[in-house]
Amino acid sequence: MLRYIYAKELNDYPKLRDSMFRDRAIQFKDRLKWDVMVDEQGYERDEYDALNPLYVVWIMPNGSHGGSMRVLPTMGRVMVNDHFSDVIGHEIQSEHIWETTRFCLSPDLSEDGVQVSAALMLAGCQIGVSQKLESMIAIFDPRMVRVYRRLGWPPKILGSVGEGRDKICAGAWTFDRETLERMAQQARIPVVLSQMWYARSMGTQNSIAA
């Protein structure tokens, strides 16, 4: 199932916390060879994890991490402004635009990875619709565009820098009810269940987006 958890709440879910940060180390440090720090606990964390971001997490039946992404509003510090403003050509600061980073799948995922990826993207759309956002932005390898297209929700490309293997892109996803319903179908999760998971996590049971 999907759960939305702020960083300050992670210590209430130690198994989920430990497996998420360790899975991030495996994906970003070991497999993708990114220049990221891994601490003595085997956690991959950075300065943005200290800003109380919202984590969207697919929780496996045993309570461990199956997949996740991190979300922050652009009114505060975000990676795209601090490190990648040249990709778009300007900084982005808006209460209606949020940033998503650290899209990660567990190497121990026992379920369909495509479905879990679609579920995380459904969660991103659920956030956008529920928070009445204009868009959500991310920095990604251009090869990911094919993945997003296969999942049924490609972003609008805002800019790119570099060539070949060093090329990176910035993209934006916009939100509406039609997209929410399409991603729910792709993830094989009923819209009403997606809304319930969001409302239960965020304490908004009486204000679910219509």
# chains A, B, ... in the order shown; residues from 1 in each chain; ligands from 1
call {"tool": "residues_around", "arguments": {"residues": "A:Ile88", "least_positions_apart": "5", "cutoff": "10 Å", "atoms": "only C-alpha atoms", "output": "compact mmCIF listing (two decimals) with N, CA, C and O atoms, in the first residue's frame"}}
result
# COMPACT_ATOMS: atom_id res chain seq x y z
N VAL A 80 16.52 21.39 -7.44
CA VAL A 80 16.53 21.99 -8.78
C VAL A 80 17.05 23.42 -8.75
O VAL A 80 17.74 23.85 -9.69
N ASN A 81 16.77 24.17 -7.69
CA ASN A 81 17.26 25.54 -7.59
C ASN A 81 18.70 25.59 -7.10
O ASN A 81 19.49 26.42 -7.58
N ILE A 139 14.40 16.46 -11.94
CA ILE A 139 15.58 16.32 -12.79
C ILE A 139 15.78 14.83 -13.04
O ILE A 139 15.69 14.02 -12.11
N ILE A 157 9.06 18.48 -21.03
CA ILE A 157 10.48 18.77 -20.86
C ILE A 157 10.68 20.29 -20.79
O ILE A 157 10.27 21.03 -21.70
N LEU A 158 11.30 20.74 -19.72
CA LEU A 158 11.53 22.16 -19.50
C LEU A 158 12.90 22.62 -19.97
O LEU A 158 13.11 23.81 -20.19
N GLY A 159 13.84 21.70 -20.10
CA GLY A 159 15.18 22.05 -20.53
C GLY A 159 16.13 20.89 -20.32
O GLY A 159 15.78 19.89 -19.68
N SER A 160 17.31 21.00 -20.88
CA SER A 160 18.33 19.97 -20.72
C SER A 160 19.71 20.59 -20.85
O SER A 160 19.86 21.65 -21.46
N VAL A 161 20.70 19.91 -20.30
CA VAL A 161 22.10 20.31 -20.44
C VAL A 161 22.93 19.05 -20.63
O VAL A 161 22.56 17.96 -20.21
N CYS A 169 17.89 16.16 -17.89
CA CYS A 169 16.70 16.91 -18.29
C CYS A 169 15.93 17.37 -17.06
O CYS A 169 16.02 16.76 -15.99
N ALA A 170 15.17 18.42 -17.24
CA ALA A 170 14.19 18.85 -16.25
C ALA A 170 12.82 18.71 -16.88
O ALA A 170 12.63 19.01 -18.06
N GLY A 171 11.87 18.23 -16.09
CA GLY A 171 10.52 18.05 -16.61
C GLY A 171 9.48 18.41 -15.58
O GLY A 171 9.77 18.50 -14.38
call {"tool": "select_by_dssp", "arguments": {"residues": "stretch 4-180 of chain A", "states": "strand (DSSP E)", "output": "ChimeraX atom specification"}}
result
/A:4-6,54-59,65-73,97-105,135-140,156-161,168-173
call {"tool": "closest_residue", "arguments": {"among": "A:Asp82, A:Asp35, A:Asp108, A:Asp30", "to": "A:Tyr48", "atoms": "only C-alpha atoms"}}
result
A:Asp82
call {"tool": "closest_atom_pairs", "arguments": {"of": "stretch 134-210 of chain A", "to": "stretch 49-65 of chain A", "cutoff": "12 Å", "atoms": "only C-alpha atoms", "output": "tab-separated table"}}
result
residue	atom	partner	partner_atom	distance
A:Ala187	CA	A:Trp58	CA	11.8
A:Ser194	CA	A:Trp58	CA	11.9
A:Trp197	CA	A:Val56	CA	10.8
A:Tyr198	CA	A:Val56	CA	9.7
A:Ser201	CA	A:Val56	CA	10.0
A:Met202	CA	A:Leu54	CA	10.2
call {"tool": "write_last_selection", "arguments": {"atoms": "N, CA and C atoms", "output": "PDB file, in the first residue's frame"}}
result
ATOM      1  N   ALA A 187      -1.820   1.635 -12.311  1.00  0.00           N
ATOM      2  CA  ALA A 187      -1.298   1.045 -11.077  1.00  0.00           C
ATOM      3  C   ALA A 187      -2.195  -0.061 -10.532  1.00  0.00           C
ATOM      4  N   SER A 194      -6.846   5.126  -3.533  1.00  0.00           N
ATOM      5  CA  SER A 194      -5.759   6.098  -3.540  1.00  0.00           C
ATOM      6  C   SER A 194      -6.111   7.311  -2.680  1.00  0.00           C
ATOM      7  N   TRP A 197      -5.963   6.309   1.068  1.00  0.00           N
ATOM      8  CA  TRP A 197      -4.598   6.223   1.597  1.00  0.00           C
ATOM      9  C   TRP A 197      -4.029   7.615   1.849  1.00  0.00           C
ATOM     10  N   TYR A 198      -4.268   8.537   0.914  1.00  0.00           N
ATOM     11  CA  TYR A 198      -3.761   9.904   1.083  1.00  0.00           C
ATOM     12  C   TYR A 198      -4.418  10.573   2.290  1.00  0.00           C
ATOM     13  N   SER A 201      -3.210   9.117   5.639  1.00  0.00           N
ATOM     14  CA  SER A 201      -1.845   9.522   5.972  1.00  0.00           C
ATOM     15  C   SER A 201      -1.759  10.986   6.372  1.00  0.00           C
ATOM     16  N   MET A 202      -2.517  11.830   5.663  1.00  0.00           N
ATOM     17  CA  MET A 202      -2.399  13.277   5.851  1.00  0.00           C
ATOM     18  C   MET A 202      -3.395  13.831   6.861  1.00  0.00           C
TER      19      MET A 202
END
call {"tool": "closest_atom_pairs", "arguments": {"of": "stretch 72-110 of chain A", "to": "stretch 119-133 of chain A", "cutoff": "8 Å", "atoms": "only C-alpha atoms", "output": "tab-separated table"}}
result
residue	atom	partner	partner_atom	distance
A:Glu95	CA	A:Leu133	CA	7.9
A:His96	CA	A:Leu133	CA	4.5
A:Ile97	CA	A:Leu133	CA	6.0
A:Trp98	CA	A:Leu133	CA	7.7
call {"tool": "atom_distance", "arguments": {"atom1": "atom CA of A:Arg200", "atom2": "atom CA of A:Arg70"}}
result
18.5 Å
call {"tool": "residues_around", "arguments": {"residues": "A:Asp166", "least_positions_apart": "5", "cutoff": "12 Å", "atoms": "only C-alpha atoms", "output": "count of residues only"}}
result
7
call {"tool": "atom_distance", "arguments": {"atom1": "atom CA of A:Ser117", "atom2": "atom CA of A:Met136"}}
result
16.3 Å
call {"tool": "select_by_dssp", "arguments": {"residues": "stretch 148-195 of chain A", "states": "helix (DSSP H, G or I)", "output": "number ranges by chain"}}
result
A: 148-151, 164-166, 177-187, 191-195
call {"tool": "residues_around", "arguments": {"residues": "A:Arg177", "least_positions_apart": "3", "cutoff": "10 Å", "atoms": "only C-alpha atoms", "output": "list of chain:residue names"}}
result
A:Cys125, A:Gln126, A:Val129, A:Leu180, A:Glu181, A:Arg182, A:Met183, A:Val191, A:Ala209, A:Ala210
call {"tool": "write_last_selection", "arguments": {"atoms": "all heavy atoms", "output": "compact mmCIF listing (two decimals), in the first residue's frame"}}
result
# COMPACT_ATOMS: atom_id res chain seq x y z
N CYS A 125 0.41 12.23 -8.49
CA CYS A 125 -0.79 12.88 -9.02
C CYS A 125 -1.80 13.14 -7.92
O CYS A 125 -2.46 14.19 -7.89
CB CYS A 125 -1.39 12.03 -10.13
SG CYS A 125 -2.66 12.89 -11.08
N GLN A 126 -1.91 12.20 -6.99
CA GLN A 126 -2.83 12.38 -5.86
C GLN A 126 -2.44 13.60 -5.03
O GLN A 126 -3.30 14.38 -4.60
CB GLN A 126 -2.84 11.13 -4.99
CG GLN A 126 -3.87 11.16 -3.87
CD GLN A 126 -5.28 11.08 -4.39
OE1 GLN A 126 -5.67 10.09 -4.99
NE2 GLN A 126 -6.06 12.13 -4.17
N VAL A 129 -3.37 16.80 -7.18
CA VAL A 129 -4.80 17.08 -7.21
C VAL A 129 -5.28 17.53 -5.83
O VAL A 129 -6.03 18.50 -5.70
CB VAL A 129 -5.57 15.82 -7.67
CG1 VAL A 129 -7.07 15.99 -7.45
CG2 VAL A 129 -5.29 15.55 -9.15
N LEU A 180 -5.38 11.42 -12.94
CA LEU A 180 -5.49 10.61 -11.73
C LEU A 180 -6.16 9.28 -12.03
O LEU A 180 -5.69 8.21 -11.60
CB LEU A 180 -6.28 11.38 -10.66
CG LEU A 180 -6.41 10.69 -9.29
CD1 LEU A 180 -5.07 10.66 -8.57
CD2 LEU A 180 -7.45 11.40 -8.43
N GLU A 181 -7.23 9.32 -12.78
CA GLU A 181 -7.95 8.10 -13.11
C GLU A 181 -7.12 7.19 -14.02
O GLU A 181 -7.12 5.96 -13.85
CB GLU A 181 -9.29 8.45 -13.76
CG GLU A 181 -10.26 9.10 -12.79
CD GLU A 181 -11.53 9.59 -13.46
OE1 GLU A 181 -11.59 9.56 -14.72
OE2 GLU A 181 -12.47 10.00 -12.74
N ARG A 182 -6.38 7.80 -14.95
CA ARG A 182 -5.54 6.99 -15.86
C ARG A 182 -4.42 6.30 -15.09
O ARG A 182 -4.13 5.12 -15.31
CB ARG A 182 -4.97 7.88 -16.96
CG ARG A 182 -4.20 7.09 -18.03
CD ARG A 182 -3.76 7.96 -19.17
NE ARG A 182 -2.72 8.89 -18.82
CZ ARG A 182 -2.89 10.21 -18.71
NH1 ARG A 182 -4.08 10.75 -18.93
NH2 ARG A 182 -1.89 11.01 -18.39
N MET A 183 -3.78 7.03 -14.18
CA MET A 183 -2.69 6.44 -13.41
C MET A 183 -3.20 5.39 -12.43
O MET A 183 -2.52 4.41 -12.13
CB MET A 183 -1.90 7.53 -12.67
CG MET A 183 -1.11 8.46 -13.60
SD MET A 183 -0.12 7.55 -14.84
CE MET A 183 0.91 6.53 -13.79
N VAL A 191 -9.30 4.60 -7.67
CA VAL A 191 -9.13 5.99 -7.26
C VAL A 191 -9.58 6.20 -5.83
O VAL A 191 -8.91 6.89 -5.05
CB VAL A 191 -9.89 6.93 -8.22
CG1 VAL A 191 -9.91 8.35 -7.66
CG2 VAL A 191 -9.25 6.93 -9.60
N ALA A 209 -10.03 15.05 -2.18
CA ALA A 209 -10.29 15.74 -3.45
C ALA A 209 -11.37 14.99 -4.21
O ALA A 209 -11.35 13.77 -4.30
CB ALA A 209 -9.01 15.82 -4.28
N ALA A 210 -12.30 15.74 -4.76
CA ALA A 210 -13.41 15.14 -5.52
C ALA A 210 -12.94 14.78 -6.91
O ALA A 210 -12.02 15.34 -7.43
CB ALA A 210 -14.56 16.11 -5.57
call {"tool": "closest_residue", "arguments": {"among": "A:Glu9, A:Arg45, A:Gly67, A:Gln186", "to": "A:Pro107", "atoms": "only C-alpha atoms"}}
result
A:Gly67
call {"tool": "closest_residue", "arguments": {"among": "A:Ser106, A:Gln93, A:Ser135, A:Gln41", "to": "A:Met20", "atoms": "only C-alpha atoms"}}
result
A:Ser106
call {"tool": "atom_distance", "arguments": {"atom1": "atom CA of A:Thr74", "atom2": "atom CA of A:Leu193"}}
result
28.1 Å
